[in-house]
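What follows is the content of work-v1.txt, which has compact mmCIF, C-alpha atoms and all ligand atoms:
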```
# COMPACT_ATOMS: atom_id res chain seq x y z
CA MET X 119 -11.18 27.37 -11.94
CA THR X 120 -10.00 25.76 -15.16
CA THR X 121 -6.50 24.30 -15.66
CA PHE X 122 -3.72 26.86 -15.18
CA GLY X 123 -3.07 28.83 -18.32
CA THR X 124 -5.84 27.51 -20.56
CA GLN X 125 -8.21 30.46 -20.34
CA PHE X 126 -7.33 33.79 -21.96
CA VAL X 127 -8.81 37.25 -22.14
CA PRO X 128 -10.20 37.92 -25.66
CA GLU X 129 -7.35 40.16 -26.78
CA MET X 130 -3.56 40.20 -26.64
CA ALA X 131 -1.00 42.93 -27.19
CA LEU X 132 1.01 42.43 -30.40
CA ALA X 133 3.94 44.10 -32.17
CA THR X 134 6.13 42.88 -35.01
CA PHE X 135 9.68 43.70 -36.06
CA ASP X 136 10.15 43.90 -39.83
CA GLY X 137 13.93 43.85 -39.88
CA GLN X 138 14.15 47.62 -39.47
CA GLN X 139 11.68 48.72 -36.84
CA TRP X 140 8.90 47.72 -34.51
CA SER X 141 5.29 48.20 -35.60
CA THR X 142 2.98 50.26 -33.42
CA PRO X 143 1.67 47.77 -30.82
CA SER X 144 -2.03 46.99 -30.90
CA LEU X 145 -4.60 44.85 -29.13
CA VAL X 146 -5.75 42.02 -31.39
CA PRO X 147 -7.85 38.85 -30.91
CA SER X 148 -5.92 36.39 -28.72
CA ASP X 149 -7.03 33.18 -30.42
CA SER X 150 -4.76 33.16 -33.45
CA ILE X 151 -1.60 34.43 -35.06
CA SER X 152 -0.54 34.12 -38.65
CA LEU X 153 2.90 32.59 -39.32
CA HIS X 154 4.59 31.40 -42.47
CA PRO X 155 5.20 27.62 -42.16
CA GLY X 156 8.84 28.37 -42.84
CA ALA X 157 9.04 30.79 -39.90
CA HIS X 158 12.42 30.59 -38.15
CA VAL X 159 10.85 29.76 -34.77
CA LEU X 160 9.09 26.65 -36.11
CA HIS X 161 12.36 25.14 -37.35
CA TYR X 162 15.11 26.54 -35.18
CA ALA X 163 13.26 27.35 -31.91
CA SER X 164 14.14 31.04 -31.88
CA THR X 165 11.70 31.89 -29.10
CA CYS X 166 11.64 33.08 -25.54
CA PHE X 167 8.93 34.00 -23.08
CA GLU X 168 8.20 35.55 -19.70
CA GLY X 169 5.76 34.90 -16.91
CA LEU X 170 4.55 37.61 -14.52
CA LYS X 171 1.39 38.38 -12.63
CA ALA X 172 -1.12 41.15 -11.99
CA PHE X 173 -2.94 41.31 -8.66
CA ARG X 174 -6.17 42.81 -7.35
CA HIS X 175 -5.83 44.72 -4.08
CA PRO X 176 -8.50 45.09 -1.37
CA ASN X 177 -9.02 48.78 -2.29
CA GLY X 178 -9.84 47.76 -5.87
CA SER X 179 -6.55 48.90 -7.42
CA HIS X 180 -4.49 46.62 -9.69
CA HIS X 181 -0.74 46.02 -9.61
CA ILE X 182 1.90 44.12 -11.56
CA PHE X 183 4.74 42.44 -9.65
CA ARG X 184 8.36 43.32 -10.56
CA MET X 185 7.51 43.98 -14.19
CA ASP X 186 10.85 45.67 -14.89
CA GLN X 187 12.72 42.49 -13.92
CA ASN X 188 10.73 40.40 -16.36
CA ILE X 189 11.12 42.96 -19.13
CA ALA X 190 14.89 43.07 -18.61
CA ARG X 191 15.05 39.26 -18.59
CA MET X 192 13.07 39.04 -21.82
CA ALA X 193 15.46 41.51 -23.44
CA GLN X 194 18.36 39.38 -22.20
CA SER X 195 16.82 36.10 -23.44
CA SER X 196 16.20 37.73 -26.83
CA ARG X 197 19.82 38.88 -26.98
CA LEU X 198 21.15 35.44 -26.07
CA LEU X 199 18.96 33.88 -28.80
CA SER X 200 20.05 36.46 -31.41
CA LEU X 201 16.47 37.65 -31.81
CA PRO X 202 15.81 41.29 -32.75
CA THR X 203 16.37 43.69 -29.86
CA VAL X 204 13.32 44.10 -27.63
CA ASP X 205 12.18 47.69 -27.17
CA GLU X 206 11.82 47.57 -23.39
CA ALA X 207 9.78 50.77 -23.12
CA MET X 208 7.41 49.45 -25.78
CA LEU X 209 7.04 46.10 -24.01
CA LYS X 210 6.22 47.90 -20.78
CA THR X 211 3.54 49.97 -22.51
CA MET X 212 2.11 46.84 -24.13
CA ILE X 213 1.81 45.08 -20.77
CA LEU X 214 0.21 48.10 -19.10
CA ASP X 215 -2.22 48.67 -21.98
CA LEU X 216 -3.34 45.05 -22.02
CA VAL X 217 -3.77 44.73 -18.25
CA GLY X 218 -5.39 48.18 -18.09
CA ARG X 219 -7.96 47.11 -20.66
CA TYR X 220 -8.77 43.87 -18.78
CA THR X 221 -8.57 44.80 -15.08
CA ASP X 222 -12.12 43.44 -14.65
CA ASP X 223 -10.78 40.00 -15.59
CA ILE X 224 -8.15 39.95 -12.83
CA PRO X 225 -9.57 37.35 -10.43
CA ALA X 226 -10.11 38.10 -6.76
CA PRO X 227 -7.41 36.69 -4.41
CA PRO X 228 -6.03 34.04 -4.29
CA GLY X 229 -6.50 34.27 -8.07
CA THR X 230 -4.27 36.44 -10.25
CA MET X 231 -3.84 37.35 -13.88
CA TYR X 232 -0.84 35.55 -15.35
CA LEU X 233 0.86 37.41 -18.19
CA ARG X 234 2.87 35.64 -20.87
CA PRO X 235 5.03 37.88 -23.10
CA THR X 236 6.34 35.80 -26.01
CA HIS X 237 8.97 36.71 -28.62
CA MET X 238 9.74 34.62 -31.71
CA GLY X 239 11.68 34.73 -34.94
CA THR X 240 9.24 34.91 -37.85
CA GLU X 241 11.42 35.27 -40.92
CA ALA X 242 10.41 32.67 -43.52
CA ALA X 243 13.88 31.32 -44.18
CA ILE X 244 14.42 27.60 -43.65
CA GLY X 245 17.98 27.98 -44.88
CA LYS X 246 18.82 29.99 -41.77
CA ALA X 247 19.74 27.10 -39.48
CA ALA X 248 22.92 28.92 -38.57
CA ALA X 249 21.74 32.52 -38.83
CA PRO X 250 19.30 34.67 -36.86
CA SER X 251 15.82 35.63 -37.93
CA THR X 252 15.76 39.28 -38.98
CA GLN X 253 12.02 39.51 -38.29
CA SER X 254 10.09 38.75 -35.16
CA MET X 255 6.75 38.85 -33.39
CA LEU X 256 6.18 39.89 -29.80
CA TYR X 257 2.86 39.33 -28.08
CA ILE X 258 1.47 39.19 -24.58
CA LEU X 259 -1.24 36.78 -23.51
CA ALA X 260 -3.22 37.34 -20.33
CA SER X 261 -4.67 34.38 -18.46
CA PRO X 262 -6.80 34.60 -15.31
CA VAL X 263 -5.54 31.86 -12.97
CA GLY X 264 -6.26 30.36 -9.57
CA ASP X 265 -3.75 28.88 -7.16
CA TYR X 266 -1.18 26.90 -9.19
CA PHE X 267 -0.53 24.32 -6.50
CA ALA X 268 -3.68 24.60 -4.39
CA GLY X 269 -2.82 21.68 -2.18
CA GLY X 270 -3.26 22.59 1.52
CA ASP X 271 -0.82 20.33 3.34
CA ALA X 272 0.40 18.64 0.18
CA THR X 273 4.12 18.54 -0.58
CA LEU X 274 5.93 17.53 -3.73
CA ARG X 275 7.90 14.39 -4.50
CA VAL X 276 11.02 15.44 -6.34
CA LEU X 277 13.42 13.11 -8.14
CA ILE X 278 17.10 14.00 -7.98
CA ASP X 279 18.66 13.50 -11.42
CA GLU X 280 22.46 13.54 -11.63
CA GLN X 281 22.80 12.10 -15.12
CA GLY X 282 20.81 14.37 -17.39
CA MET X 283 20.59 18.10 -17.84
CA ARG X 284 17.58 20.36 -18.02
CA CYS X 285 19.05 22.06 -21.05
CA ALA X 286 22.37 22.82 -22.70
CA PRO X 287 24.58 24.56 -20.11
CA HIS X 288 24.90 27.83 -22.05
CA MET X 289 21.08 28.06 -22.32
CA GLY X 290 20.38 27.89 -18.60
CA MET X 291 19.57 31.54 -18.03
CA VAL X 292 17.49 31.86 -21.23
CA LYS X 293 13.73 31.44 -20.80
CA SER X 294 13.43 29.70 -24.13
CA GLY X 295 10.89 27.19 -25.42
CA GLY X 296 13.35 24.49 -26.41
CA ASN X 297 14.65 24.14 -22.85
CA TYR X 298 11.28 22.88 -21.65
CA ALA X 299 10.84 20.33 -24.43
CA SER X 300 14.36 19.10 -23.75
CA ALA X 301 13.52 18.32 -20.09
CA LEU X 302 10.32 16.38 -20.85
CA GLN X 303 11.79 12.92 -21.42
CA VAL X 304 13.42 12.91 -18.00
CA LEU X 305 10.26 14.30 -16.38
CA ASN X 306 7.95 11.74 -17.98
CA LYS X 307 10.21 8.92 -16.89
CA ALA X 308 10.36 10.28 -13.33
CA ARG X 309 6.58 10.45 -13.19
CA ALA X 310 6.10 6.94 -14.53
CA GLU X 311 8.85 5.20 -12.58
CA HIS X 312 8.96 7.13 -9.30
CA GLN X 313 5.58 8.88 -9.05
CA ALA X 314 7.66 12.06 -8.89
CA ASP X 315 6.01 15.45 -9.36
CA GLN X 316 9.18 17.18 -10.51
CA VAL X 317 12.81 16.49 -11.33
CA LEU X 318 15.60 18.40 -9.63
CA PHE X 319 18.43 18.60 -12.14
CA CYS X 320 21.80 18.11 -10.45
CA PRO X 321 24.37 17.55 -13.19
CA HIS X 322 27.50 15.95 -11.71
CA GLY X 323 25.99 16.28 -8.22
CA ASP X 324 25.50 20.07 -8.41
CA VAL X 325 21.97 21.03 -7.28
CA GLN X 326 20.52 23.39 -9.92
CA GLU X 327 16.76 23.68 -10.40
CA THR X 328 13.67 21.87 -11.69
CA ALA X 329 12.18 22.20 -15.17
CA ALA X 330 10.50 25.52 -14.40
CA ALA X 331 11.29 26.55 -10.82
CA ASN X 332 14.31 27.37 -8.66
CA PHE X 333 15.24 25.24 -5.65
CA ILE X 334 15.68 26.45 -2.10
CA LEU X 335 16.85 24.50 0.94
CA ILE X 336 16.17 25.83 4.42
CA ASP X 337 17.99 24.33 7.36
CA GLY X 338 17.07 25.98 10.63
CA ASN X 339 18.07 29.63 10.31
CA GLU X 340 19.94 29.20 7.03
CA LEU X 341 18.56 29.42 3.52
CA ILE X 342 20.75 27.82 0.84
CA THR X 343 20.35 28.21 -2.90
CA LYS X 344 22.72 28.06 -5.86
CA ALA X 345 24.52 31.33 -6.58
CA LEU X 346 23.68 32.94 -9.92
CA ASP X 347 25.63 31.63 -12.88
CA THR X 348 24.72 31.00 -16.51
CA SER X 349 23.55 27.41 -15.92
CA PHE X 350 20.09 28.13 -14.53
CA LEU X 351 17.22 30.58 -14.76
CA HIS X 352 17.49 33.63 -12.53
CA GLY X 353 14.05 33.66 -10.98
CA VAL X 354 12.40 36.90 -9.92
CA THR X 355 10.64 34.91 -7.19
CA ARG X 356 13.98 33.51 -6.03
CA ALA X 357 15.46 37.01 -5.78
CA SER X 358 12.37 38.28 -3.93
CA ILE X 359 12.37 35.37 -1.46
CA LEU X 360 16.07 35.96 -0.71
CA THR X 361 15.34 39.63 0.03
CA LEU X 362 12.47 38.68 2.33
CA ALA X 363 14.51 35.96 4.04
CA ASP X 364 17.29 38.45 4.72
CA GLU X 365 14.74 40.92 6.13
CA MET X 366 13.44 38.17 8.45
CA GLY X 367 16.94 37.61 9.79
CA LEU X 368 17.64 34.30 8.06
CA LYS X 369 21.19 33.65 6.94
CA VAL X 370 21.03 33.66 3.13
CA SER X 371 23.74 31.49 1.57
CA GLU X 372 24.02 31.73 -2.20
CA ARG X 373 26.46 29.00 -2.99
CA ASN X 374 26.83 25.61 -4.60
CA LEU X 375 25.02 22.77 -2.90
CA SER X 376 25.96 19.17 -3.55
CA VAL X 377 23.46 16.32 -3.68
CA GLU X 378 25.36 14.76 -0.81
CA GLU X 379 24.92 17.82 1.41
CA LEU X 380 21.28 18.16 0.36
CA ILE X 381 20.46 14.58 1.35
CA GLU X 382 22.39 14.92 4.58
CA ARG X 383 20.72 18.19 5.63
CA SER X 384 17.26 17.00 4.60
CA ALA X 385 17.33 14.51 7.45
CA ASN X 386 17.47 17.37 9.93
CA PRO X 387 14.00 17.75 11.55
CA ASN X 388 14.22 21.52 10.88
CA ALA X 389 14.97 21.02 7.18
CA GLU X 390 12.63 22.43 4.56
CA ALA X 391 12.85 22.48 0.79
CA ALA X 392 10.80 24.44 -1.71
CA LEU X 393 10.46 25.32 -5.38
CA SER X 394 10.16 29.00 -6.28
CA GLY X 395 8.63 30.56 -9.36
CA THR X 396 5.95 32.99 -10.46
CA ALA X 397 3.39 30.23 -10.96
CA ALA X 398 4.53 28.00 -8.08
CA VAL X 399 5.24 30.96 -5.70
CA LEU X 400 6.96 28.82 -3.04
CA THR X 401 5.87 25.20 -3.13
CA PRO X 402 7.08 22.85 -0.37
CA VAL X 403 9.02 19.71 -1.24
CA GLY X 404 8.28 16.83 1.15
CA THR X 405 10.27 14.00 -0.38
CA LEU X 406 13.49 13.69 -2.36
CA ILE X 407 14.01 10.53 -4.38
CA HIS X 408 17.63 9.54 -4.91
CA ASN X 409 19.00 6.31 -6.38
CA GLY X 410 15.62 4.63 -5.92
CA LYS X 411 15.26 5.61 -2.27
CA ASP X 412 12.84 8.11 -0.68
CA TYR X 413 14.23 10.75 1.70
CA THR X 414 11.74 12.74 3.73
CA VAL X 415 12.69 16.43 4.00
CA GLY X 416 12.33 17.50 7.64
CA THR X 417 8.86 16.43 8.75
CA GLY X 418 7.68 15.91 5.18
CA LYS X 419 5.03 18.59 5.75
CA PRO X 420 5.15 22.21 4.51
CA GLY X 421 7.79 23.92 6.63
CA ALA X 422 7.03 26.87 8.94
CA THR X 423 9.67 29.11 7.34
CA THR X 424 8.51 28.23 3.83
CA ILE X 425 4.96 29.19 4.76
CA LYS X 426 6.15 32.41 6.42
CA LEU X 427 8.21 33.42 3.39
CA ARG X 428 5.39 32.63 0.97
CA LYS X 429 2.97 34.67 3.06
CA ALA X 430 5.39 37.61 3.23
CA LEU X 431 5.65 37.58 -0.58
CA ASN X 432 1.91 37.09 -1.15
CA ASP X 433 1.05 39.85 1.33
CA ILE X 434 3.05 42.38 -0.69
CA GLN X 435 1.66 41.10 -4.00
CA PHE X 436 -1.98 41.19 -2.84
CA GLY X 437 -1.64 44.56 -1.10
CA LEU X 438 -1.93 43.22 2.46
CA ALA X 439 1.52 44.51 3.43
CA GLU X 440 3.37 47.67 2.49
CA ASP X 441 5.26 47.52 -0.83
CA ARG X 442 8.48 48.37 1.03
CA PHE X 443 10.82 47.31 -1.77
CA GLY X 444 8.96 49.13 -4.57
CA TRP X 445 8.06 45.87 -6.33
CA LEU X 446 4.59 46.82 -7.58
CA THR X 447 3.56 48.86 -10.61
CA ARG X 448 0.07 50.25 -10.43
CA VAL X 449 -1.93 49.66 -13.60
C1 LIG X 501 10.48 30.88 -15.07
C2 LIG X 501 11.44 29.94 -14.48
C3 LIG X 501 11.82 30.00 -13.13
C4 LIG X 501 11.19 30.94 -12.15
O1 LIG X 501 11.39 32.27 -12.47
P1 LIG X 501 10.44 33.37 -11.84
O2 LIG X 501 10.96 34.65 -12.38
O3 LIG X 501 10.55 33.27 -10.38
O4 LIG X 501 9.05 33.06 -12.31
C5 LIG X 501 12.80 29.13 -12.69
N1 LIG X 501 13.35 28.22 -13.51
C6 LIG X 501 13.00 28.12 -14.81
C7 LIG X 501 13.66 27.11 -15.65
C8 LIG X 501 12.02 28.96 -15.32
O5 LIG X 501 11.63 28.84 -16.58
```

Could I get this file's structure written as structure tokens?
Amino acid sequence: MTTFGTQFVPEMALATFDGQQWSTPSLVPSDSISLHPGAHVLHYASTCFEGLKAFRHPNGSHHIFRMDQNIARMAQSSRLLSLPTVDEAMLKTMILDLVGRYTDDIPAPPGTMYLRPTHMGTEAAIGKAAAPSTQSMLYILASPVGDYFAGGDATLRVLIDEQGMRCAPHMGMVKSGGNYASALQVLNKARAEHQADQVLFCPHGDVQETAAANFILIDGNELITKALDTSFLHGVTRASILTLADEMGLKVSERNLSVEELIERSANPNAEAALSGTAAVLTPVGTLIHNGKDYTVGTGKPGATTIKLRKALNDIQFGLAEDRFGWLTRV
């Protein structure tokens, strides 16, 4: 399998907003778009995106995971960026039409088809640094992918950063392009200086999330993760894992977690830590790096509860367990 997200089906779904109304969506070639060089997005980063997946089931049917959550989040991101209002029913139809046309390209398990709805301000108006784009473009790319972190027993090395921020605090719950560019300096430095795989952003000692995944600590029978606020991205995977953890009888604690408590609890032999996201699913963290020192989380190996939770989620997604929470939409 090629690198995650570099291969695309030949078409994408596309609609544009002209300032008054949305165009009728259509499937168009996925290898180019046409933008004015003065387009608002290219100067003022008026753009947001989503990431969701379609799955192939053993009986040959195809299903999209929690599509309504991603559609609602894209509408919210667009609102918070002052982009034109997303027509949620239209976006849903666009996703279903695209995936329906390319079901043959959904890889067999453990592969999936990753979907990338993208919304951007297209008005050619470089004077609008302090005003929204009245026009926009919405498209959905589809990318057949393998396992994002196919690593067997591998665990991540994660640097705890208490100085920087992933993004501006009021942008935390917006899935917007600029947030990712703004985290890169810190990430590159962590890779070069600490051989870290990811950075866990903990401004003023408050454990938030990494550049593109939520953070979960498991200590024995308790699962701890930051309660929803505007400072971080509200992951659909995070919400799903919390539901599954609760069903399994774990104590789910949504609350603030300090770096101090995180380091302290990580030393517990039962401790586990993981990153959650659509691409990452639930990826175990084996080592935390803090003030130049390595701290092994639990045994340093993927934790039993992490593996159990990931399997419970994957089993629903791939049709190996009943869809008891109504999370799947059949294509
Ligand atoms: C997308 C994303 C996540 C994970 O969200 P999911 O809905 O689970 O894919 C977490 N944090 C950030 C910053 C993200 O961009």

Grab me every residue within 6 Å of ligand LIG 501 (chain X), counting all atoms listed in the file, and send it over as a PDB file with C-alpha atoms, in the coordinates of the input.
```
ATOM      1  CA  GLY X 169       5.760  34.900 -16.910  1.00  0.00           C
ATOM      2  CA  LYS X 293      13.730  31.440 -20.800  1.00  0.00           C
ATOM      3  CA  ALA X 329      12.180  22.200 -15.170  1.00  0.00           C
ATOM      4  CA  ALA X 330      10.500  25.520 -14.400  1.00  0.00           C
ATOM      5  CA  ALA X 331      11.290  26.550 -10.820  1.00  0.00           C
ATOM      6  CA  ASN X 332      14.310  27.370  -8.660  1.00  0.00           C
ATOM      7  CA  LEU X 351      17.220  30.580 -14.760  1.00  0.00           C
ATOM      8  CA  GLY X 353      14.050  33.660 -10.980  1.00  0.00           C
ATOM      9  CA  VAL X 354      12.400  36.900  -9.920  1.00  0.00           C
ATOM     10  CA  THR X 355      10.640  34.910  -7.190  1.00  0.00           C
ATOM     11  CA  ARG X 356      13.980  33.510  -6.030  1.00  0.00           C
ATOM     12  CA  SER X 394      10.160  29.000  -6.280  1.00  0.00           C
ATOM     13  CA  GLY X 395       8.630  30.560  -9.360  1.00  0.00           C
ATOM     14  CA  THR X 396       5.950  32.990 -10.460  1.00  0.00           C
TER      15      THR X 396
END
```

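Straight-line separation from atom CA of Gly137 of chain X to atom CA of Thr252 of chain X: 5.0 Å.
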
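Each of X:Thr203, X:Ser254, X:Asn188, X:Asn339 was checked against Pro235 of chain X using all atoms listed in the file; the smallest atom-to-atom distance is that of X:Asn188.
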
Original post:
Using only C-alpha atoms, which residue out of X:Ser164, X:Asn297, X:Gln326, X:Gln313 lies closest to Lys246 of chain X?
Top reply: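 Under the stated criterion, the closest residue is X:Ser164.
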
Subject >> Residue with smallest distance to Thr343 of chain X - pool X:Val304, X:Ala249, X:Ala133, X:Ala391, counting all atoms listed in the file >> reply: X:Ala391

Subject >> Coordinates-based distance that separates atom CA of Leu427 of chain X from atom CA of Gly367 of chain X (Å, one decimal) >> reply: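 Atom-to-atom, atom CA of Gly367 of chain X to atom CA of Leu427 of chain X, that is 11.6 Å.
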
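Ranking X:Lys369, X:Lys171, X:Lys307, X:Arg428 by their shortest atom-to-atom distance to Leu233 of chain X, with only C-alpha atoms included, puts X:Lys171 first.
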
Original post:
Could you name the residues that touch Val292 of chain X at 12 Å or less, counting only C-alpha atoms, but leaving out those on the same chain fewer than 2 positions away, as number ranges by chain?
Top reply: X: 164-168, 188, 190-200, 284-290, 294-298, 330, 347-353

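Closest approach to Leu259 of chain X from the set X:Leu431, X:Met212, X:Ala439, X:Ala299 is made by X:Met212, with distances taken over only C-alpha atoms.
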
Original post:
Quick one: residues within 10 Å of Gln139 of chain X, all atoms listed in the file counted, chain neighbours fewer than 5 positions away excluded, as a PyMOL selection string?
Top reply: chain X and resi 134+202-203+205+253
